[in-house]
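Q: First, the structure itself, so that you have it in front of you.
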Amino acid sequence: MKFSTIGTSWITEAFIEAATLSEVAQLDSVYSRRQETAQDFAQKHGGKTAYTDIQQMLEEANSDFVYVASPNILHPEHIKLCIQNGKHVFCEKPMVYTEKQWEEISQLAQKNHVFVFEGFRHLFSPNYYTLKEQTANIGKIRSAMLQYAKYSSRYDKYKEGKEPNVFSPNFAGGALMDLGVYPLSMAIDLFGAPKESRYFPVLLSNGIDGSGTIILTYDDFMVTILCSKITSAFLPSEIHGEDGTLIMDEIAPISELQLYNRKTDKTSQLGQKQFEADMVYEIKAFVQMVQEQNWDQHDANLERSRLVVRLTEKMRKENGLRFPGE
């Protein structure tokens with residue numbers, strides 16, 4: 001399948017690299033607001049055409065889908081524009097920041113018969129599938145601790161008095177939206193929607209969350225999620241059952257996976273070697289879904305996205321974290 005891109009940041013470059021490795025997707029064209037940037041990016045990555053007008057690209061480009069990696073605040077607008085032009089959409093997380101936006105996109109996608117996919121890359125890797133299977137082997141689940149804390153180089157710019165997109169409420173930034181959605185989407189994918197959810201953010205001077213703790217309450221267990229863009233953490237993430245524990249080195253991606261068996265008091269290694277460019281797996285899953293016209297999978301993925309945005313929106317607003325238009 002051929003694709004166009006909206007956005008020219010490092011994540012778009014990573015996507016193009018992974019698409020090449022996947023051998024199922026090929027870059028066709030790129031969009032950037034500046035002509036020089038668009039041309040340089042297209043030339044560097046083998047794109048046939050560079051555009052500075054999104055509508056023109058959507059009308060002219062010989063692409064099957066569009067990879068959307070613009071600032072978070074622009075995702076809903078760009079997704080809808082792609083759908084209206086009959087293009088399938090692969091959007092970087094977070095796809096949207098309100099459930100109303102999700103509803104609009106879901107209805108529009110159904111009306112135009114196109115697939116919309118949120119890029120939760122960590123949920124499509126072989127090691128994650130192994131983790132998901134092994135949850136049945138640790139007995140009754142009683143708790144989980146999932147963390148994604150990584151110091152952002154852009155925080156240094158913030159401390160210098162600037163406001164990078166990822167630390168700006170005007171661009172739907174913050175730790176919850178940038179990193180917290182990784183473990184949150186994992187918890188929802190593994191356990192479904194929680195009965196209750198709370199977010200305890202550490203707010204910066206401009207009101208955005210630099211870090212925070214999420215507590216998800218289920219019938220007979222709880223999930224604690226730590227996320228941060230202003231500190232780094234090196235603790236493993238764990239899922240605790242009465243008969244054993246699953247241990248992950250990281251959330252995205254899981255490179256090392258262990259199973260501790262309480263009854264034998266032994267730990268086994270479950271992780272396998274994966275592509276370093278782990279977006280390969282989500283690209284293959286997306287392309288396969290589109291080619292097979294697997295609407296059941298599409299709807300299941302989209303429903304997970306609905307649950308994620310429902311919780312992030314609720315938790316943000318409970319803490320006064322509001323974005324433009326809210």
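In the structure tokens, the first chain shown is A, the next is B, and so on; residue numbers restart at 1 for each chain, and ligands run from 1 in the order shown.
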Extract the full set of strand (DSSP E) residues from range 186-289 of chain A according to DSSP on the backbone, and format it as a VMD selection string.

A: chain A and resid 196 to 203 209 to 217 222 to 228 237 to 241 244 to 248 257 to 261 266 to 269

Q: Hey, what's within 12 Å of Pro253 in chain A if we count only C-alpha atoms and toss same-chain stuff fewer than 6 positions away? As a ChimeraX atom specification, please?

A: /A:120-129,131,148,182-183,186,237,271-282

Q: Output N, CA, C and O atoms for every residue in the selection just made, as a CSV table (one decimal), in the first residue's frame.

A:
chain,number,residue,atom,x,y,z
A,120,PHE,N,-1.1,2.7,18.4
A,120,PHE,CA,-0.6,2.2,19.7
A,120,PHE,C,0.4,1.1,19.4
A,120,PHE,O,0.1,-0.1,19.5
A,121,ARG,N,1.6,1.5,19.0
A,121,ARG,CA,2.6,0.5,18.5
A,121,ARG,C,2.9,-0.6,19.5
A,121,ARG,O,3.2,-1.8,19.1
A,122,HIS,N,2.8,-0.3,20.8
A,122,HIS,CA,3.2,-1.3,21.8
A,122,HIS,C,2.2,-2.5,21.9
A,122,HIS,O,2.5,-3.5,22.5
A,123,LEU,N,1.0,-2.3,21.3
A,123,LEU,CA,0.0,-3.4,21.4
A,123,LEU,C,0.0,-4.4,20.3
A,123,LEU,O,-0.9,-5.2,20.2
A,124,PHE,N,1.0,-4.3,19.4
A,124,PHE,CA,1.0,-5.1,18.2
A,124,PHE,C,2.3,-5.9,18.1
A,124,PHE,O,2.5,-6.6,17.1
A,125,SER,N,3.2,-5.8,19.1
A,125,SER,CA,4.5,-6.5,19.0
A,125,SER,C,4.3,-8.0,19.4
A,125,SER,O,3.4,-8.3,20.2
A,126,PRO,N,5.2,-8.9,19.0
A,126,PRO,CA,5.2,-10.3,19.4
A,126,PRO,C,5.3,-10.4,20.9
A,126,PRO,O,4.6,-11.3,21.5
A,127,ASN,N,6.1,-9.6,21.6
A,127,ASN,CA,6.3,-9.8,23.0
A,127,ASN,C,5.0,-9.4,23.8
A,127,ASN,O,4.7,-9.9,24.9
A,128,TYR,N,4.3,-8.4,23.2
A,128,TYR,CA,3.0,-8.0,23.9
A,128,TYR,C,2.0,-9.1,23.7
A,128,TYR,O,1.2,-9.4,24.7
A,129,TYR,N,1.9,-9.7,22.5
A,129,TYR,CA,1.0,-10.8,22.4
A,129,TYR,C,1.3,-12.0,23.3
A,129,TYR,O,0.4,-12.6,23.9
A,131,LEU,N,2.7,-11.6,26.3
A,131,LEU,CA,2.3,-11.1,27.6
A,131,LEU,C,0.8,-11.3,27.8
A,131,LEU,O,0.3,-11.8,28.8
A,148,TYR,N,5.7,4.6,32.5
A,148,TYR,CA,6.4,5.1,31.3
A,148,TYR,C,6.9,6.5,31.7
A,148,TYR,O,6.1,7.5,31.6
A,182,TYR,N,0.1,5.3,26.7
A,182,TYR,CA,0.7,3.9,26.4
A,182,TYR,C,0.3,2.9,27.5
A,182,TYR,O,-0.3,1.9,27.1
A,183,PRO,N,0.7,3.1,28.7
A,183,PRO,CA,0.2,2.1,29.7
A,183,PRO,C,-1.3,2.1,29.9
A,183,PRO,O,-1.9,1.0,30.2
A,186,MET,N,-2.7,-0.1,27.3
A,186,MET,CA,-2.4,-1.4,27.6
A,186,MET,C,-3.3,-2.0,28.6
A,186,MET,O,-3.8,-3.1,28.5
A,237,SER,N,7.8,-2.8,34.7
A,237,SER,CA,6.4,-2.8,34.9
A,237,SER,C,6.0,-4.3,35.2
A,237,SER,O,6.6,-5.2,34.7
A,271,GLY,N,10.5,-13.3,26.5
A,271,GLY,CA,10.7,-12.3,25.5
A,271,GLY,C,11.5,-12.9,24.3
A,271,GLY,O,12.4,-13.7,24.5
A,272,GLN,N,11.2,-12.4,23.1
A,272,GLN,CA,11.9,-12.8,21.9
A,272,GLN,C,12.4,-11.6,21.2
A,272,GLN,O,12.0,-10.4,21.5
A,273,LYS,N,13.4,-11.8,20.4
A,273,LYS,CA,14.0,-10.6,19.7
A,273,LYS,C,13.0,-10.1,18.7
A,273,LYS,O,12.3,-10.8,18.0
A,274,GLN,N,12.9,-8.7,18.7
A,274,GLN,CA,12.0,-8.0,17.8
A,274,GLN,C,12.7,-7.0,17.0
A,274,GLN,O,13.9,-6.7,17.2
A,275,PHE,N,12.0,-6.5,16.0
A,275,PHE,CA,12.6,-5.3,15.2
A,275,PHE,C,12.8,-4.2,16.1
A,275,PHE,O,11.9,-3.9,17.0
A,276,GLU,N,14.0,-3.6,16.0
A,276,GLU,CA,14.2,-2.4,16.8
A,276,GLU,C,13.2,-1.3,16.4
A,276,GLU,O,12.7,-0.5,17.2
A,277,ALA,N,13.0,-1.2,15.1
A,277,ALA,CA,11.9,-0.3,14.6
A,277,ALA,C,10.6,-1.0,14.8
A,277,ALA,O,10.0,-1.5,13.9
A,278,ASP,N,10.1,-0.9,16.0
A,278,ASP,CA,8.9,-1.8,16.4
A,278,ASP,C,7.6,-1.3,15.8
A,278,ASP,O,6.6,-2.0,15.9
A,279,MET,N,7.6,-0.2,15.1
A,279,MET,CA,6.4,0.3,14.4
A,279,MET,C,6.1,-0.7,13.2
A,279,MET,O,4.9,-0.6,12.7
A,280,VAL,N,7.0,-1.5,12.9
A,280,VAL,CA,6.8,-2.5,11.8
A,280,VAL,C,5.5,-3.3,12.1
A,280,VAL,O,4.7,-3.6,11.2
A,281,TYR,N,5.3,-3.7,13.3
A,281,TYR,CA,4.2,-4.6,13.7
A,281,TYR,C,2.9,-3.9,13.5
A,281,TYR,O,1.9,-4.6,13.1
A,282,GLU,N,2.8,-2.7,14.0
A,282,GLU,CA,1.5,-2.0,13.8
A,282,GLU,C,1.2,-1.7,12.4
A,282,GLU,O,0.0,-1.7,11.9

Q: What's around Ser197 in chain A at 12 Å? Count only C-alpha atoms, leave out sequence neighbours fewer than 5 positions away in its own chain, and write the answer as a PyMOL selection string.

A: chain A and resi 184+187-188+213-218+222-225+307-308+310-316+318

Q: Taking only residues of range 235-323 of chain A that have an atom at most 12 Å from an atom of range 59-64 of chain A, what is each one's shortest atom pair and its distance in Å to one decimal, using only C-alpha atoms, in chain and number order, as JSON lines?

A:
{"residue": "A:Phe286", "atom": "CA", "partner": "A:Asp64", "partner_atom": "CA", "distance": 11.9}
{"residue": "A:Val287", "atom": "CA", "partner": "A:Asp64", "partner_atom": "CA", "distance": 10.0}
{"residue": "A:Val290", "atom": "CA", "partner": "A:Asp64", "partner_atom": "CA", "distance": 9.8}
{"residue": "A:Gln291", "atom": "CA", "partner": "A:Asp64", "partner_atom": "CA", "distance": 10.6}

Q: Pick the closest to Ala144 in chain A from A:Asp209, A:Glu238, A:Glu196, A:Glu160: which is it, counting only C-alpha atoms?

A: A:Glu238
